[in-house]
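A.B. asks: Got a structure for you, run27.cif, holding mmCIF, N, CA and C atoms.
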```cif
data_start
#
loop_
_atom_site.label_atom_id
_atom_site.label_comp_id
_atom_site.auth_asym_id
_atom_site.auth_seq_id
_atom_site.Cartn_x
_atom_site.Cartn_y
_atom_site.Cartn_z
N MET N 1 9.69 -49.89 21.59
CA MET N 1 9.50 -48.65 20.89
C MET N 1 10.53 -48.56 19.76
N ALA N 2 10.06 -48.64 18.53
CA ALA N 2 10.96 -48.63 17.38
C ALA N 2 11.09 -47.21 16.85
N ILE N 3 12.26 -46.92 16.34
CA ILE N 3 12.50 -45.60 15.74
C ILE N 3 11.88 -45.56 14.35
N GLU N 4 11.12 -44.52 14.08
CA GLU N 4 10.50 -44.37 12.76
C GLU N 4 11.30 -43.36 11.97
N TYR N 5 11.92 -43.82 10.91
CA TYR N 5 12.67 -42.93 10.03
C TYR N 5 11.73 -42.38 8.96
N GLN N 6 11.98 -41.16 8.56
CA GLN N 6 11.14 -40.54 7.54
C GLN N 6 11.96 -40.35 6.27
N THR N 7 11.27 -40.41 5.16
CA THR N 7 11.94 -40.21 3.88
C THR N 7 12.09 -38.72 3.61
N VAL N 8 12.87 -38.40 2.60
CA VAL N 8 13.08 -37.00 2.23
C VAL N 8 11.77 -36.33 1.82
N PRO N 9 10.94 -36.95 0.98
CA PRO N 9 9.66 -36.29 0.64
C PRO N 9 8.77 -36.04 1.87
N GLN N 10 8.78 -36.97 2.82
CA GLN N 10 7.98 -36.76 4.03
C GLN N 10 8.50 -35.58 4.85
N MET N 11 9.81 -35.50 4.98
CA MET N 11 10.40 -34.38 5.72
C MET N 11 10.15 -33.06 5.00
N TYR N 12 10.24 -33.07 3.67
CA TYR N 12 9.98 -31.87 2.88
C TYR N 12 8.54 -31.41 3.07
N GLU N 13 7.60 -32.34 3.07
CA GLU N 13 6.19 -32.01 3.28
C GLU N 13 5.97 -31.44 4.68
N ARG N 14 6.62 -32.01 5.68
CA ARG N 14 6.50 -31.49 7.05
C ARG N 14 7.05 -30.07 7.14
N LEU N 15 8.19 -29.83 6.47
CA LEU N 15 8.79 -28.50 6.47
C LEU N 15 7.86 -27.48 5.80
N GLN N 16 7.30 -27.84 4.66
CA GLN N 16 6.37 -26.95 3.95
C GLN N 16 5.15 -26.65 4.81
N LEU N 17 4.62 -27.66 5.47
CA LEU N 17 3.45 -27.47 6.33
C LEU N 17 3.78 -26.54 7.50
N MET N 18 4.97 -26.72 8.09
CA MET N 18 5.38 -25.87 9.21
C MET N 18 5.54 -24.42 8.75
N ILE N 19 6.12 -24.21 7.57
CA ILE N 19 6.30 -22.85 7.07
C ILE N 19 4.96 -22.21 6.76
N ARG N 20 4.03 -22.97 6.17
CA ARG N 20 2.70 -22.42 5.84
C ARG N 20 1.92 -22.01 7.09
N HIS N 21 2.11 -22.72 8.19
CA HIS N 21 1.38 -22.40 9.42
C HIS N 21 1.95 -21.20 10.16
N ARG N 22 3.17 -20.83 9.85
CA ARG N 22 3.77 -19.66 10.51
C ARG N 22 3.51 -18.43 9.67
N GLY N 23 2.81 -17.46 10.22
CA GLY N 23 2.48 -16.26 9.47
C GLY N 23 3.57 -15.20 9.46
N ASP N 24 4.60 -15.40 10.25
CA ASP N 24 5.63 -14.37 10.36
C ASP N 24 6.85 -14.66 9.48
N THR N 25 6.76 -15.63 8.60
CA THR N 25 7.88 -15.97 7.73
C THR N 25 7.47 -15.81 6.28
N GLY N 26 8.44 -15.69 5.41
CA GLY N 26 8.17 -15.63 3.99
C GLY N 26 8.90 -14.49 3.32
N PHE N 27 9.09 -14.62 2.03
CA PHE N 27 9.83 -13.62 1.25
C PHE N 27 9.09 -12.29 1.21
N LEU N 28 7.78 -12.32 0.99
CA LEU N 28 7.02 -11.07 0.91
C LEU N 28 7.04 -10.32 2.23
N ARG N 29 6.99 -11.04 3.32
CA ARG N 29 7.07 -10.38 4.64
C ARG N 29 8.43 -9.73 4.84
N ALA N 30 9.49 -10.38 4.37
CA ALA N 30 10.84 -9.82 4.50
C ALA N 30 10.98 -8.56 3.65
N VAL N 31 10.43 -8.59 2.44
CA VAL N 31 10.48 -7.41 1.57
C VAL N 31 9.67 -6.27 2.18
N ALA N 32 8.50 -6.58 2.69
CA ALA N 32 7.67 -5.55 3.33
C ALA N 32 8.36 -4.95 4.55
N ALA N 33 9.01 -5.77 5.32
CA ALA N 33 9.72 -5.27 6.51
C ALA N 33 10.89 -4.38 6.12
N ALA N 34 11.52 -4.67 4.97
CA ALA N 34 12.67 -3.88 4.54
C ALA N 34 12.27 -2.57 3.89
N THR N 35 11.09 -2.51 3.29
CA THR N 35 10.70 -1.32 2.52
C THR N 35 9.63 -0.46 3.19
N LEU N 36 8.87 -1.01 4.12
CA LEU N 36 7.78 -0.26 4.74
C LEU N 36 8.09 0.04 6.20
N GLN N 37 7.49 1.11 6.69
CA GLN N 37 7.65 1.46 8.10
C GLN N 37 6.96 0.40 8.97
N PRO N 38 7.38 0.24 10.21
CA PRO N 38 6.75 -0.76 11.08
C PRO N 38 5.27 -0.46 11.30
N ARG N 39 4.51 -1.52 11.50
CA ARG N 39 3.07 -1.39 11.73
C ARG N 39 2.81 -0.81 13.11
N ASN N 40 1.83 0.08 13.21
CA ASN N 40 1.44 0.66 14.48
C ASN N 40 0.49 -0.31 15.18
N PRO N 41 0.85 -0.83 16.35
CA PRO N 41 -0.02 -1.81 17.01
C PRO N 41 -1.34 -1.21 17.50
N PHE N 42 -1.39 0.12 17.64
CA PHE N 42 -2.61 0.75 18.12
C PHE N 42 -3.56 1.11 16.98
N GLU N 43 -3.07 1.09 15.75
CA GLU N 43 -3.89 1.35 14.56
C GLU N 43 -3.58 0.28 13.51
N PRO N 44 -4.04 -0.94 13.70
CA PRO N 44 -3.67 -2.02 12.79
C PRO N 44 -4.31 -1.92 11.41
N VAL N 45 -5.35 -1.10 11.27
CA VAL N 45 -6.06 -1.01 9.98
C VAL N 45 -5.35 -0.06 9.01
N THR N 46 -4.63 0.92 9.52
CA THR N 46 -3.99 1.90 8.64
C THR N 46 -2.91 1.26 7.78
N LYS N 47 -2.74 1.81 6.58
CA LYS N 47 -1.73 1.29 5.66
C LYS N 47 -0.34 1.71 6.11
N ARG N 48 0.63 0.86 5.82
CA ARG N 48 2.01 1.16 6.16
C ARG N 48 2.60 2.01 5.05
N ARG N 49 3.31 3.06 5.43
CA ARG N 49 3.92 3.96 4.47
C ARG N 49 5.33 3.48 4.15
N PRO N 50 5.84 3.83 2.96
CA PRO N 50 7.22 3.43 2.64
C PRO N 50 8.22 4.18 3.51
N LYS N 51 9.39 3.58 3.70
CA LYS N 51 10.44 4.24 4.47
C LYS N 51 10.92 5.46 3.70
N ILE N 52 11.34 6.49 4.42
CA ILE N 52 11.72 7.76 3.84
C ILE N 52 12.87 7.59 2.84
N GLY N 53 13.88 6.83 3.20
CA GLY N 53 15.02 6.63 2.31
C GLY N 53 14.63 5.98 1.00
N LEU N 54 13.73 5.03 1.06
CA LEU N 54 13.25 4.36 -0.15
C LEU N 54 12.45 5.32 -1.02
N ALA N 55 11.60 6.12 -0.41
CA ALA N 55 10.80 7.07 -1.16
C ALA N 55 11.68 8.12 -1.84
N VAL N 56 12.70 8.59 -1.15
CA VAL N 56 13.62 9.57 -1.74
C VAL N 56 14.40 8.95 -2.90
N ALA N 57 14.87 7.72 -2.72
CA ALA N 57 15.62 7.05 -3.77
C ALA N 57 14.77 6.83 -5.02
N ILE N 58 13.52 6.42 -4.84
CA ILE N 58 12.63 6.21 -5.99
C ILE N 58 12.34 7.54 -6.68
N ALA N 59 12.10 8.59 -5.91
CA ALA N 59 11.84 9.90 -6.51
C ALA N 59 13.06 10.39 -7.29
N LEU N 60 14.24 10.19 -6.75
CA LEU N 60 15.47 10.59 -7.44
C LEU N 60 15.66 9.80 -8.74
N LEU N 61 15.44 8.50 -8.70
CA LEU N 61 15.56 7.69 -9.91
C LEU N 61 14.54 8.09 -10.97
N LEU N 62 13.31 8.37 -10.56
CA LEU N 62 12.28 8.80 -11.51
C LEU N 62 12.63 10.16 -12.11
N THR N 63 13.19 11.06 -11.32
CA THR N 63 13.60 12.37 -11.83
C THR N 63 14.73 12.23 -12.84
N ILE N 64 15.71 11.41 -12.53
CA ILE N 64 16.82 11.19 -13.46
C ILE N 64 16.31 10.56 -14.76
N ALA N 65 15.40 9.60 -14.66
CA ALA N 65 14.84 8.96 -15.85
C ALA N 65 14.05 9.97 -16.69
N ALA N 66 13.28 10.85 -16.03
CA ALA N 66 12.51 11.85 -16.77
C ALA N 66 13.44 12.84 -17.48
N ILE N 67 14.52 13.25 -16.84
CA ILE N 67 15.49 14.15 -17.48
C ILE N 67 16.13 13.47 -18.67
N PHE N 68 16.50 12.19 -18.52
CA PHE N 68 17.11 11.44 -19.61
C PHE N 68 16.16 11.33 -20.79
N VAL N 69 14.90 11.00 -20.53
CA VAL N 69 13.92 10.87 -21.61
C VAL N 69 13.68 12.23 -22.27
N PHE N 70 13.61 13.29 -21.50
CA PHE N 70 13.38 14.61 -22.05
C PHE N 70 14.49 15.00 -23.02
N PHE N 71 15.74 14.85 -22.60
CA PHE N 71 16.84 15.24 -23.46
C PHE N 71 17.10 14.26 -24.59
N SER N 72 16.66 13.02 -24.45
CA SER N 72 16.84 12.04 -25.52
C SER N 72 15.87 12.30 -26.68
N PHE N 73 14.64 12.65 -26.38
CA PHE N 73 13.63 12.81 -27.41
C PHE N 73 13.35 14.28 -27.75
N ARG N 74 14.13 15.19 -27.21
CA ARG N 74 13.91 16.61 -27.44
C ARG N 74 14.20 16.99 -28.88
N GLY N 75 15.19 16.36 -29.46
CA GLY N 75 15.59 16.72 -30.83
C GLY N 75 16.31 18.05 -30.82
N GLY N 76 16.69 18.49 -31.94
CA GLY N 76 17.38 19.78 -32.00
C GLY N 76 18.79 19.62 -32.55
N SER N 77 19.63 20.54 -32.16
CA SER N 77 20.96 20.58 -32.77
C SER N 77 21.87 19.56 -32.26
#
```
As structure tokens, what does this structure read like?
C.D. replies:
Amino acid sequence: MAIEYQTVPQMYERLQLMIRHRGDTGFLRAVAAATLQPRNPFEPVTKRRPKIGLAVAIALLLTIAAIFVFFSFRGGS
């Protein structure tokens, strides 16, 4: 029984294949887990809502941007 060594491209291809077959890994899944509420196992069809802290932060940033734009383009004295 001889040992079979693999080249770097072969190992890279095996790694890519292993990652593609696993559905629980990936950058988009990590971003979704960080920004969205956990999925309800009893209602898998419903959409996931954003986390409260993220929604408040986005609303605050949009409000600040709207105030900035309003006072920037208002003109006047």
A.B. asks: Pick out the residues sitting within 6 Å of range 45-61 of chain N, and hand them over as a list in words; count only C-alpha atoms, and ignore anything fewer than 6 positions along from it in its own chain.
C.D. replies: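 Contacts, with the query itself left out: Thr35, Leu36 and Gln37 of chain N.
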A.B. asks: Please identify the helix (DSSP H, G or I) residues within range 8-61 of chain N (assignment by DSSP from backbone atoms) and present them as a ChimeraX atom specification.
C.D. replies: /N:8-21,27-35,52-61
A.B. asks: May I ask for the distance between atom C of Met18 in chain N and atom C of Pro38 in chain N, given in Å to one decimal place?
C.D. replies: 24.1 Å
A.B. asks: Rounded to one decimal, what separation in Å do you get between CA of Ala32 in chain N and CA of Leu15 in chain N?
C.D. replies: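 Separating CA of Ala32 in chain N from CA of Leu15 in chain N is a distance of 23.2 Å.
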